[in-house]
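First up is the structure itself, then whatever we jot down about it.
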Amino acid sequence: MLVGIEIEELKQNSYRKKIITLIACILAFSIGIYVFRFGMLSEDTAKNSQTKVPLLLNSGAVLTKEAEVSLIIWSENGDIPLEIWTKGPLPDWSWDYKELQTESGKTAVTLSGHRPIDKNEESKLYSWYTIMAQELSKTGGRIYLDERVPQAIDISAYLSQTNALPAQWALMGNLLSIAAYQNNFKTSVMAGQDRINIQLLCRGEKTAGQTVLAIPALLEEF
């Protein structure tokens, strides 16, 4: 019995060492990218290297054909642009509307919606998000995007492809969470002393597991 326990402990220690090594590689690789892009590239080359930030389905990092996406819009002063109501992210998108009285006496508003999407719908969703996130930020509002796939992914490859620089990481059992900053996004939040606009969480090993990409940060449980 003791031998079995010792073997299980060795397996867990080996798994943790692999994860820690992966995290170290991600940080080192991303820092190298940052130094290369901003210290060595010319201005023209740097402009050409800035590509659109792919979400999970169009990143090439997942095998699944569909993802579950959720959007939460928060406006503390209740000011939601009419365009969001009349021109949603996808043709058949529907919003759930809620009001909340804040301590300052204002009426805060939240809109939420979710549904499965494919690659084409993901591209349309991302285009809509980049426009509306900037519009909402003018009035103090914010959009939270949450995309989930039933697959674990190579986090280092995803961060490298999107040119995102990791700021924080956490390891809890087989759950890895990395918060990062990507220059192409125009909105962000503060996580302690760090400014972030991407949070990536992955549970499982190899392709067996789950992954969530949250922009700018995760609001709901994973």
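Chains: A, B, ... in order of the structure tokens. Residues: from 1 per chain. Ligands: from 1, in order shown.
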### Task
Find the spatial neighbours of A:Ile131, counting only C-alpha atoms, within a cut-off of 12 Å - ignore same-chain residues fewer than 3 positions away - and output them as a VMD selection string.
chain A and resid 81 83 to 84 87 to 89 124 to 128 134 to 138 142 to 143 185 to 187
### Task
Show which residues sit within 7 Å of A:Ala164, as a list in words. Count only C-alpha atoms, and ignore same-chain residues fewer than 2 positions away.
Leu159, Ser160, Thr162, Pro166, Ala180, Tyr181 and Gln182 of chain A
Selection export as a tab-separated table (two decimals), in the first residue's frame, atoms kept: N, CA and C atoms:
chain	number	residue	atom	x	y	z
A	159	LEU	N	0.06	31.94	-26.96
A	159	LEU	CA	0.58	33.23	-26.53
A	159	LEU	C	1.62	33.75	-27.52
A	160	SER	N	2.43	32.84	-28.08
A	160	SER	CA	3.43	33.23	-29.07
A	160	SER	C	2.76	33.77	-30.33
A	162	THR	N	-0.19	35.10	-30.70
A	162	THR	CA	-0.90	36.36	-30.48
A	162	THR	C	0.01	37.46	-29.94
A	166	PRO	N	2.94	37.33	-20.97
A	166	PRO	CA	2.36	36.89	-19.70
A	166	PRO	C	2.71	37.83	-18.56
A	180	ALA	N	-2.34	37.73	-19.34
A	180	ALA	CA	-1.34	38.35	-20.21
A	180	ALA	C	-1.85	39.67	-20.77
A	181	TYR	N	-0.94	40.37	-21.45
A	181	TYR	CA	-1.31	41.64	-22.10
A	181	TYR	C	-0.96	41.55	-23.57
A	182	GLN	N	-1.91	41.95	-24.43
A	182	GLN	CA	-1.74	41.92	-25.88
A	182	GLN	C	-1.99	43.33	-26.42
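Compared by their closest atoms to A:Gln210, and using only C-alpha atoms, the residues A:Asp194, A:Glu103, A:Glu122, A:Glu68 rank with A:Glu68 nearest.
Ranking A:His114, A:Lys106, A:Arg195, A:Lys119 by their shortest atom-to-atom distance to A:Asn77, with only C-alpha atoms included, puts A:Lys106 first.
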### Query
Just asking: which residues within stretch 41-222 of chain A are strand (DSSP E or B) according to DSSP, as JSON, numbers by chain?
{"A": [67, 68, 69, 70, 71, 72, 73, 74, 75, 96, 97, 98, 99, 100, 101, 107, 108, 109, 110, 111, 112, 113, 114, 115, 116, 117, 142, 143, 144, 145, 146, 147, 148, 149, 165, 166, 167, 168, 169, 170, 171, 172, 175, 176, 177, 178, 179, 180, 181, 189, 190, 191, 194, 195, 196, 198, 199, 200, 201, 202, 203, 204, 205, 208, 209, 210, 211, 212, 213, 214, 215]}
#### Entry: Shell around A:Glu121 at 12 Å using only C-alpha atoms, local window under 6 positions removed, as a PyMOL selection string
chain A and resi 55+57-58+65-69+89-93+115+127-128
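Atom CA of A:Gly141 is found 22.5 Å from atom CA of A:Leu200.
Among the candidates A:Asn197, A:Thr211, A:Gln151, A:Asn163, the one nearest to A:Ser177 when counting only C-alpha atoms is A:Thr211.
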